[in-house]
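Asks: mmCIF, C-alpha atoms and all ligand atoms, saved as work-v5.cif, coming up:
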data_structure
#
loop_
_atom_site.label_atom_id
_atom_site.label_comp_id
_atom_site.auth_asym_id
_atom_site.auth_seq_id
_atom_site.Cartn_x
_atom_site.Cartn_y
_atom_site.Cartn_z
CA MET G 81 116.58 96.14 70.82
CA ALA G 82 114.05 94.66 73.21
CA ASP G 83 110.52 95.96 73.01
CA ARG G 84 109.94 99.02 75.23
CA VAL G 85 106.90 99.45 77.47
CA THR G 86 105.54 103.02 77.17
CA GLU G 87 101.83 102.65 78.00
CA ALA G 88 100.01 101.99 81.25
CA VAL G 89 96.57 101.38 82.73
CA ILE G 90 95.89 102.38 86.33
CA LEU G 91 92.86 100.78 87.99
CA VAL G 92 91.01 103.42 89.99
CA GLY G 93 87.43 102.19 89.86
CA GLY G 94 86.99 100.38 93.19
CA ALA G 95 84.63 101.69 95.88
CA GLY G 96 87.25 101.53 98.63
CA THR G 97 84.81 99.90 101.05
CA ARG G 98 87.48 99.01 103.62
CA LEU G 99 88.38 102.69 103.90
CA ARG G 100 84.92 104.01 104.64
CA PRO G 101 83.94 106.60 105.67
CA LEU G 102 86.94 108.32 104.01
CA THR G 103 86.03 106.96 100.58
CA LEU G 104 82.41 108.13 100.74
CA SER G 105 83.63 111.50 99.48
CA THR G 106 87.11 110.79 98.11
CA PRO G 107 87.85 107.70 95.99
CA LYS G 108 90.77 105.74 97.39
CA PRO G 109 93.37 106.73 94.73
CA LEU G 110 92.84 110.39 95.61
CA LEU G 111 93.37 110.00 99.36
CA PRO G 112 96.58 111.73 100.46
CA VAL G 113 99.77 109.91 101.40
CA GLY G 114 102.38 112.31 102.74
CA GLY G 115 100.03 115.12 101.70
CA VAL G 116 100.00 113.98 98.05
CA PRO G 117 97.20 111.91 96.46
CA ILE G 118 98.16 108.27 95.86
CA LEU G 119 97.46 108.75 92.15
CA ALA G 120 99.83 111.73 91.96
CA HIS G 121 102.66 109.56 93.33
CA GLN G 122 101.86 106.87 90.76
CA LEU G 123 101.62 109.26 87.81
CA ALA G 124 104.87 111.00 88.76
CA GLN G 125 106.59 107.60 89.00
CA ALA G 126 105.18 106.50 85.65
CA ARG G 127 106.39 109.66 84.00
CA ALA G 128 109.86 109.36 85.59
CA ALA G 129 110.02 105.81 84.22
CA GLY G 130 109.41 107.01 80.67
CA ILE G 131 105.76 106.02 80.36
CA GLU G 132 104.21 108.17 77.64
CA HIS G 133 100.50 107.41 77.88
CA VAL G 134 98.30 106.38 80.83
CA VAL G 135 94.62 105.47 80.86
CA LEU G 136 92.78 105.58 84.18
CA ALA G 137 90.14 102.83 84.41
CA THR G 138 87.36 104.66 86.26
CA ALA G 139 84.03 103.51 87.68
CA TYR G 140 83.25 104.70 91.25
CA ARG G 141 83.11 108.54 91.43
CA ALA G 142 84.72 108.83 88.01
CA GLU G 143 83.99 112.56 87.73
CA VAL G 144 86.56 113.56 90.36
CA PHE G 145 89.44 112.17 88.31
CA GLY G 146 88.94 114.94 85.74
CA ALA G 147 91.60 117.09 87.39
CA TYR G 148 94.24 114.46 86.60
CA LEU G 149 93.55 114.14 82.90
CA GLY G 150 95.52 115.79 80.13
CA ASP G 151 99.22 116.46 79.92
CA TRP G 152 101.55 115.53 82.79
CA ASP G 153 104.85 117.11 81.72
CA GLY G 154 104.72 115.33 78.39
CA MET G 155 102.90 112.18 79.56
CA ARG G 156 99.32 111.92 78.34
CA VAL G 157 96.62 110.86 80.86
CA ASP G 158 93.18 109.78 79.62
CA HIS G 159 90.39 107.86 81.28
CA ARG G 160 87.88 105.22 80.30
CA PHE G 161 84.67 105.02 82.32
CA GLU G 162 82.85 101.78 83.17
CA PRO G 163 79.15 102.38 83.78
CA GLU G 164 79.14 98.99 85.52
CA PRO G 165 82.44 97.90 87.12
CA LEU G 166 84.10 95.30 84.89
CA GLY G 167 86.35 93.68 87.50
CA THR G 168 90.12 94.02 87.61
CA ALA G 169 90.72 92.29 84.25
CA GLY G 170 87.63 93.60 82.44
CA ALA G 171 88.72 97.10 83.43
CA VAL G 172 92.18 96.58 81.94
CA ARG G 173 90.78 95.31 78.63
CA HIS G 174 88.30 98.19 78.46
CA ALA G 175 90.89 100.86 79.31
CA ALA G 176 93.67 99.41 77.15
CA ALA G 177 91.46 99.87 74.09
CA ALA G 178 91.93 103.63 74.55
CA LEU G 179 95.74 103.40 74.30
CA PRO G 180 97.53 103.93 70.98
CA GLY G 181 98.95 100.39 71.17
CA ASP G 182 102.68 101.04 71.10
CA GLY G 183 104.81 98.03 71.99
CA GLU G 184 104.03 94.42 72.75
CA SER G 185 103.20 94.90 76.45
CA LEU G 186 101.67 97.47 78.75
CA LEU G 187 102.05 98.27 82.42
CA VAL G 188 99.07 97.69 84.72
CA VAL G 189 98.93 99.11 88.25
CA ASN G 190 96.28 98.94 90.95
CA GLY G 191 95.52 102.49 92.01
CA ASP G 192 95.87 101.70 95.71
CA ILE G 193 99.46 100.61 96.11
CA LEU G 194 102.52 102.64 96.93
CA THR G 195 105.91 101.28 95.99
CA ALA G 196 109.44 102.48 95.35
CA LEU G 197 109.98 99.74 92.75
CA ASP G 198 111.97 100.94 89.73
CA LEU G 199 109.22 100.82 87.10
CA ARG G 200 111.54 101.14 84.15
CA GLY G 201 113.73 98.31 85.47
CA PHE G 202 110.60 96.21 85.98
CA ALA G 203 109.27 96.88 82.48
CA ASP G 204 112.64 96.31 80.80
CA ALA G 205 113.20 93.03 82.67
CA HIS G 206 109.79 91.89 81.45
CA SER G 207 110.64 92.71 77.84
CA ALA G 208 114.09 91.12 78.07
CA ALA G 209 112.63 87.91 79.51
CA GLY G 210 109.96 87.72 76.80
CA ALA G 211 107.39 86.76 79.47
CA ASP G 212 103.63 86.80 78.88
CA VAL G 213 103.03 88.60 82.16
CA SER G 214 105.41 89.90 84.84
CA LEU G 215 104.14 90.41 88.38
CA GLN G 216 105.69 92.41 91.17
CA LEU G 217 106.10 90.03 94.14
CA ILE G 218 106.43 91.03 97.78
CA GLU G 219 107.22 89.07 100.93
CA VAL G 220 104.79 90.02 103.68
CA PRO G 221 104.09 88.57 107.13
CA ASP G 222 100.33 88.07 106.47
CA PRO G 223 100.06 86.75 102.89
CA LYS G 224 96.50 85.41 103.02
CA GLN G 225 94.84 88.81 102.72
CA PHE G 226 96.49 89.20 99.29
CA GLY G 227 96.98 87.27 96.08
CA CYS G 228 99.41 84.48 97.02
CA VAL G 229 102.00 83.47 94.46
CA SER G 230 104.40 80.49 94.35
CA VAL G 231 107.41 80.57 92.05
CA ASP G 232 110.05 77.99 91.05
CA ASP G 233 113.83 78.51 91.33
CA THR G 234 113.91 80.49 88.10
CA GLY G 235 111.19 82.90 89.27
CA ARG G 236 108.52 81.40 87.03
CA VAL G 237 105.08 81.52 88.66
CA GLN G 238 103.70 78.07 89.52
CA ALA G 239 100.46 79.00 91.25
CA PHE G 240 98.33 82.07 92.00
CA VAL G 241 95.63 81.89 94.68
CA GLU G 242 93.71 85.05 95.54
CA LYS G 243 93.13 85.41 99.31
CA PRO G 244 93.34 81.68 100.06
CA ALA G 245 90.84 80.37 102.59
CA ASP G 246 93.18 77.50 103.45
CA GLU G 247 94.57 78.06 106.96
CA ASP G 248 97.82 76.31 106.06
CA TYR G 249 98.56 78.21 102.90
CA GLY G 250 102.36 78.25 102.75
CA GLY G 251 103.17 80.54 99.79
CA LYS G 252 106.02 82.97 100.34
CA TYR G 253 105.16 85.87 98.05
CA VAL G 254 102.13 88.04 97.42
CA ASN G 255 101.00 89.90 94.35
CA GLY G 256 102.17 93.52 94.54
CA ALA G 257 99.52 94.48 91.95
CA MET G 258 101.92 95.89 89.37
CA TYR G 259 102.04 93.94 86.13
CA ALA G 260 103.57 94.07 82.68
CA PHE G 261 101.03 92.36 80.44
CA ARG G 262 101.31 91.26 76.80
CA ARG G 263 98.74 93.23 74.88
CA ASP G 264 97.34 90.25 72.98
CA LEU G 265 96.50 88.59 76.33
CA VAL G 266 94.70 91.74 77.46
CA ALA G 267 92.73 91.87 74.21
CA ALA G 268 91.66 88.24 74.78
CA ILE G 269 89.92 89.03 78.12
CA PRO G 270 86.16 88.52 77.68
CA GLY G 271 84.34 91.79 77.17
CA ASP G 272 80.77 90.78 77.91
CA ARG G 273 80.97 90.35 81.72
CA PRO G 274 83.08 91.33 84.75
CA VAL G 275 86.36 89.41 84.85
CA SER G 276 88.91 89.21 87.66
CA THR G 277 92.64 89.17 86.86
CA GLU G 278 93.40 87.41 90.11
CA ARG G 279 90.60 84.83 90.25
CA GLU G 280 90.19 84.05 86.56
CA VAL G 281 92.88 85.36 84.20
CA PHE G 282 96.02 84.31 86.09
CA PRO G 283 94.80 80.80 87.04
CA ARG G 284 93.63 80.25 83.46
CA LEU G 285 96.91 81.44 81.92
CA LEU G 286 98.88 79.20 84.27
CA ALA G 287 96.69 76.22 83.42
CA ARG G 288 97.58 76.58 79.78
CA GLY G 289 101.31 76.94 80.44
CA ALA G 290 101.76 80.68 79.91
CA HIS G 291 104.96 82.29 81.15
CA LEU G 292 104.14 84.35 84.24
CA ARG G 293 107.34 85.80 85.60
CA GLY G 294 107.73 86.81 89.23
CA HIS G 295 109.69 90.02 89.83
CA VAL G 296 110.66 90.07 93.49
CA CYS G 297 110.54 93.57 94.95
CA THR G 298 112.66 94.36 97.99
CA GLU G 299 111.92 98.08 97.75
CA TYR G 300 109.16 99.75 99.73
CA TRP G 301 105.67 98.44 99.03
CA SER G 302 102.38 99.00 100.77
CA ASP G 303 98.76 98.21 100.03
CA LEU G 304 96.67 101.24 101.01
CA GLY G 305 93.34 99.50 101.29
CA ARG G 306 92.85 99.84 105.08
CA PRO G 307 93.14 102.87 107.36
CA GLU G 308 96.06 101.45 109.32
CA SER G 309 98.10 100.80 106.16
CA LEU G 310 97.17 104.17 104.63
CA VAL G 311 98.24 106.09 107.70
CA ARG G 312 101.45 104.02 108.00
CA ALA G 313 102.35 104.62 104.35
CA SER G 314 101.71 108.33 104.76
CA ALA G 315 103.99 108.45 107.80
CA ASP G 316 106.66 106.45 105.93
CA THR G 317 106.48 108.93 103.06
CA VAL G 318 106.94 111.93 105.35
CA LEU G 319 109.77 110.18 107.21
CA GLY G 320 111.53 109.41 103.91
CA VAL G 321 111.25 105.61 104.27
CA MET G 322 109.17 105.66 101.06
CA ARG G 323 110.30 107.94 98.24
CA SER G 324 108.62 108.98 95.01
CA PRO G 325 109.34 111.94 92.69
CA VAL G 326 106.70 113.93 94.62
CA SER G 327 107.32 112.63 98.16
CA GLY G 328 109.08 115.84 99.22
CA VAL G 329 111.75 116.50 101.84
CA ALA G 330 111.87 113.97 104.69
CA GLY G 331 111.11 115.05 108.24
CA GLN G 332 109.09 114.23 111.37
CA PHE G 333 106.06 116.10 110.08
CA ARG G 334 104.72 118.09 107.16
CA LEU G 335 102.57 121.21 107.25
CA MET G 336 100.59 121.78 104.07
CA PRO G 337 99.99 125.37 102.88
CA GLY G 338 97.88 127.38 105.30
CA ALA G 339 98.15 124.81 108.13
CA VAL G 340 98.58 126.27 111.62
CA ALA G 341 100.11 124.19 114.42
CA ALA G 342 102.18 126.42 116.71
CA GLY G 343 103.05 125.00 120.14
CA VAL G 344 102.00 121.50 119.05
CA ARG G 345 104.07 118.29 119.30
CA LEU G 346 104.16 116.85 115.79
CA SER G 347 106.05 113.60 115.22
CA GLY G 348 106.27 110.21 113.53
CA GLY G 349 105.55 111.41 109.99
CA THR G 350 102.39 113.41 110.71
CA VAL G 351 100.74 115.53 108.00
CA ILE G 352 98.63 118.58 108.83
CA GLY G 353 96.52 119.37 105.76
CA GLU G 354 95.82 122.63 103.95
CA ASP G 355 94.28 125.30 106.19
CA ALA G 356 93.88 122.85 109.07
CA ARG G 357 94.40 124.23 112.57
CA VAL G 358 95.82 122.41 115.59
CA GLU G 359 95.63 124.34 118.87
CA PRO G 360 98.63 124.76 121.20
CA GLY G 361 99.21 121.92 123.66
CA ALA G 362 97.94 119.19 121.32
CA SER G 363 100.16 116.36 120.09
CA VAL G 364 99.85 114.53 116.79
CA GLU G 365 101.95 111.44 116.08
CA ALA G 366 102.11 109.38 112.85
CA SER G 367 98.70 110.67 111.74
CA ILE G 368 96.90 112.45 108.94
CA VAL G 369 94.89 115.57 109.77
CA ARG G 370 93.19 116.51 106.52
CA ALA G 371 92.45 119.87 104.96
CA GLY G 372 90.40 122.34 106.97
CA ALA G 373 90.20 120.14 110.08
CA HIS G 374 90.40 121.59 113.58
CA VAL G 375 92.01 119.94 116.62
CA GLY G 376 91.53 121.40 120.11
CA SER G 377 94.19 122.06 122.74
CA GLY G 378 95.42 119.18 124.88
CA THR G 379 94.15 116.59 122.40
CA GLN G 380 96.44 113.63 121.69
CA ILE G 381 96.24 111.94 118.29
CA ARG G 382 98.18 108.86 117.25
CA ASP G 383 98.01 106.53 114.20
CA SER G 384 94.73 108.17 113.17
CA ILE G 385 93.09 109.97 110.28
CA VAL G 386 91.00 113.10 110.82
CA GLY G 387 88.82 113.81 107.78
CA VAL G 388 88.41 116.96 105.73
CA GLY G 389 86.80 119.75 107.75
CA ALA G 390 86.33 117.54 110.82
CA SER G 391 86.51 119.09 114.25
CA ILE G 392 88.03 117.45 117.33
CA GLY G 393 87.42 119.19 120.66
CA ALA G 394 89.91 119.83 123.44
CA ASN G 395 91.44 117.09 125.60
CA CYS G 396 90.44 114.15 123.41
CA VAL G 397 92.43 110.98 122.79
CA LEU G 398 92.38 109.48 119.28
CA ASP G 399 94.43 106.31 118.92
CA GLY G 400 94.11 104.18 115.78
CA VAL G 401 90.81 105.71 114.65
CA VAL G 402 89.26 107.34 111.61
CA VAL G 403 87.09 110.44 111.87
CA GLY G 404 85.06 111.06 108.71
CA ASP G 405 84.82 114.33 106.81
CA ASN G 406 83.01 117.17 108.59
CA ALA G 407 82.35 115.07 111.70
CA SER G 408 82.38 116.85 115.02
CA VAL G 409 83.91 115.17 118.07
CA GLY G 410 83.20 117.07 121.28
CA ALA G 411 85.77 117.73 124.00
CA GLY G 412 87.03 114.96 126.27
CA ASN G 413 86.21 111.98 124.05
CA GLU G 414 88.49 108.95 124.11
CA LEU G 415 88.40 107.07 120.81
CA ARG G 416 90.53 103.99 120.32
CA GLN G 417 91.19 100.75 118.49
CA GLY G 418 89.79 100.87 115.00
CA LEU G 419 86.77 103.02 115.82
CA ARG G 420 85.36 104.92 112.84
CA VAL G 421 83.32 108.06 113.31
CA TRP G 422 81.12 108.46 110.24
CA GLN G 423 81.23 111.61 108.15
CA ASP G 424 79.01 114.46 109.41
CA ALA G 425 78.46 112.59 112.72
CA VAL G 426 78.32 114.63 115.91
CA LEU G 427 79.66 113.31 119.24
CA ALA G 428 78.76 115.29 122.34
CA ASP G 429 81.45 116.33 124.83
CA GLY G 430 82.66 113.28 126.75
CA ALA G 431 80.31 110.94 124.87
CA VAL G 432 82.82 108.10 124.42
CA ARG G 433 85.17 106.85 127.14
CA PHE G 434 87.40 103.83 127.30
CA ALA G 435 86.23 101.60 130.16
CA GLU G 436 89.66 100.65 131.44
CA ARG G 437 90.51 104.26 131.98
CA LEU G 438 87.48 105.42 133.93
CA ASP G 439 88.30 106.63 137.38
N1 LIG R 1 88.07 100.26 86.93
C1 LIG R 1 87.88 99.33 87.85
N2 LIG R 1 86.83 98.46 87.73
N3 LIG R 1 88.75 99.25 88.88
C2 LIG R 1 88.55 98.28 89.81
C3 LIG R 1 87.48 97.38 89.75
C4 LIG R 1 86.57 97.48 88.63
O1 LIG R 1 85.61 96.73 88.48
N4 LIG R 1 87.55 96.54 90.82
C5 LIG R 1 88.63 96.92 91.52
N5 LIG R 1 89.25 97.98 90.92
C6 LIG R 1 90.49 98.64 91.33
C7 LIG R 1 90.47 99.21 92.73
O2 LIG R 1 90.17 100.60 92.67
C8 LIG R 1 91.91 99.00 93.19
O3 LIG R 1 92.76 100.05 92.77
C9 LIG R 1 92.34 97.75 92.45
O4 LIG R 1 91.46 97.62 91.34
C10 LIG R 1 92.33 96.47 93.29
O5 LIG R 1 91.09 96.29 93.93
P1 LIG R 1 91.00 95.98 95.49
O6 LIG R 1 89.57 95.73 95.81
O7 LIG R 1 91.72 97.03 96.25
O8 LIG R 1 91.76 94.59 95.57
P2 LIG R 1 92.55 94.00 96.82
O9 LIG R 1 93.39 95.03 97.46
O10 LIG R 1 91.60 93.25 97.69
O11 LIG R 1 93.52 92.91 96.13
C11 LIG R 1 94.34 93.26 95.02
O12 LIG R 1 95.50 93.97 95.42
C12 LIG R 1 96.41 93.22 96.27
C13 LIG R 1 97.61 94.12 96.55
O13 LIG R 1 97.22 95.31 97.13
C14 LIG R 1 94.72 91.96 94.31
O14 LIG R 1 95.32 92.29 93.09
C15 LIG R 1 95.64 91.11 95.17
O15 LIG R 1 96.06 89.97 94.44
C16 LIG R 1 96.85 91.93 95.57
O16 LIG R 1 97.74 91.16 96.40
MG MG R 2 93.56 97.00 97.28
#
Go ahead and render the structure in this file as structure tokens.

Replies:
Amino acid sequence: MADRVTEAVILVGGAGTRLRPLTLSTPKPLLPVGGVPILAHQLAQARAAGIEHVVLATAYRAEVFGAYLGDWDGMRVDHRFEPEPLGTAGAVRHAAAALPGDGESLLVVNGDILTALDLRGFADAHSAAGADVSLQLIEVPDPKQFGCVSVDDTGRVQAFVEKPADEDYGGKYVNGAMYAFRRDLVAAIPGDRPVSTEREVFPRLLARGAHLRGHVCTEYWSDLGRPESLVRASADTVLGVMRSPVSGVAGQFRLMPGAVAAGVRLSGGTVIGEDARVEPGASVEASIVRAGAHVGSGTQIRDSIVGVGASIGANCVLDGVVVGDNASVGAGNELRQGLRVWQDAVLADGAVRFAERLD
């Protein structure tokens, strides 16, 4: 019988800079998607796929991952802390040393992706092929912001270029950031300095002829590294476009326990967080309103994230914006186009208007 993959490392140590101010208080893997932390989706998927032991590679805000450690319905979850971040490969080597070491290969997942890929199918295909590394590959319209991967007709990886600067880069697939990795290759990653999987390990393995196998994924996949992709993935999860064992029943919106939103138009996969309150006459479309937030009457919110405990006054417009935790946006503000209100910031009533709309 082919070797079976039963162990995994999840990388959760990044600072989530592109998601600030949300990640100032909550590390990216614990931000909610469809009302459920990204990490909870990933752990539930790992368990459903028969993974028996997971190690979280922690660095930034490691202490808040404590709630996820221990027993997950028979799957063991430990963590390994890096006092100084070791890079994506250094983190895998460091964390893998805390696994029992069952089987030839282990699963490695970035803690900021959401995918409906069949993990067991992925791991078994890796074992059956006898590859050194298998990589989940995705076709996306804007490959250059990811790791770009070219494969030959048999699916064998020919080249890996992380975020190519070359304007004309023509690769078709990007790295979905889910790998099955032979354990001896992980153990060979240098331990005395930060090492990047994407910029160092993959190019080096390819240069010496290692077998990197592309596993094309046509299932749902999203990188959650930017507010617009996080809010989209959350909406997709509520709408049932993305499914995981903890994604819940599909619908236009989801009210978390204690949320109040009577007389409010909720649509497009919106989530209203625990104990949040949205006043009558507001509308919230394809957005995340986090726990304990308050939204005033007549306010219209679309494609936006309202942070924990934040307060939005009456008759505001929020379109494609992020409001940080505990910020206070006064009545009649019009916030658009990628604007980010920092956590704890206070905007007076009518402080921000959109020029084209002034009359
Ligand atoms: N423990 C630990 N230590 N974790 C880390 C470290 C570290 O030093 N550096 C990054 N991470 C974690 C982050 O928390 C995140 O979950 C993951 O590793 C990837 O880091 P990002 O900074 O989010 O990388 P990226 O999104 O720019 O690019 C990566 O993901 C893309 C797909 O989403 C690359 O793997 C690309 O090739 C890939 O296409
Ligand atoms: Mg990322």

Asks: Measuring atom to atom with only C-alpha atoms and all ligand atoms, identify which of G:Arg306, G:Arg312, G:Lys224, G:Arg382 is nearest to ligand MG 2 (chain R).

Replies: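 Ranking G:Arg306, G:Arg312, G:Lys224, G:Arg382 by distance to ligand MG 2 (chain R), first place goes to G:Arg306.
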
Asks: Record the distance separating CA of Ser324 in chain G and CA of Ala260 in chain G, expressed in Å with one decimal.

Replies: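 CA of Ser324 in chain G sits 20.0 Å away from CA of Ala260 in chain G.
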
Asks: Interatomic distance between CA of Trp152 in chain G and CA of Pro337 in chain G?

Replies: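 Calculated distance between CA of Trp152 in chain G and CA of Pro337 in chain G is 22.4 Å.
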
Asks: Compare G:Ala129, G:Leu285, G:Ala95, G:Ile352 by their minimum atom-to-atom distance to ligand LIG 1 (chain R), counting all atoms listed in the file, and give me the closest one.

Replies: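 Smallest distance to ligand LIG 1 (chain R) is found for G:Ala95.
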
Asks: Measuring atom to atom with all atoms listed in the file, identify which of G:Cys396, G:Val241, G:Val364, G:Leu197 is nearest to ligand LIG 1 (chain R).

Replies: G:Val241

Asks: Let me make sure I understand: among G:Asn413, G:Ser363, G:Thr168, G:Thr350, which one has the smallest atom-to-atom distance to ligand MG 2 (chain R) if we use all atoms listed in the file?

Replies: G:Thr168

Asks: May I ask you to write as a PyMOL selection string all residues lying at most 12 Å from ligand MG 2 (chain R), with only C-alpha atoms and all ligand atoms counted?

Replies: chain G and resi 91-99+108-109+168+189-194+225-227+243+255-258+278+302-307+309-310

Asks: Could you check which of G:Asp222, G:Glu308, G:Glu242, G:Glu359 is closest to ligand LIG 1 (chain R), using only C-alpha atoms and all ligand atoms?

Replies: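 Counting only C-alpha atoms and all ligand atoms, the residue closest to ligand LIG 1 (chain R) is G:Glu242.
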
Asks: Applying 12 Å and all atoms listed in the file, which residues near range 403-410 of chain G remain after dropping the ones on its own chain fewer than 5 positions away? List them as a ChimeraX atom specification.

Replies: /G:99-106,307,367-376,379,381,383-398,415-416,418-433
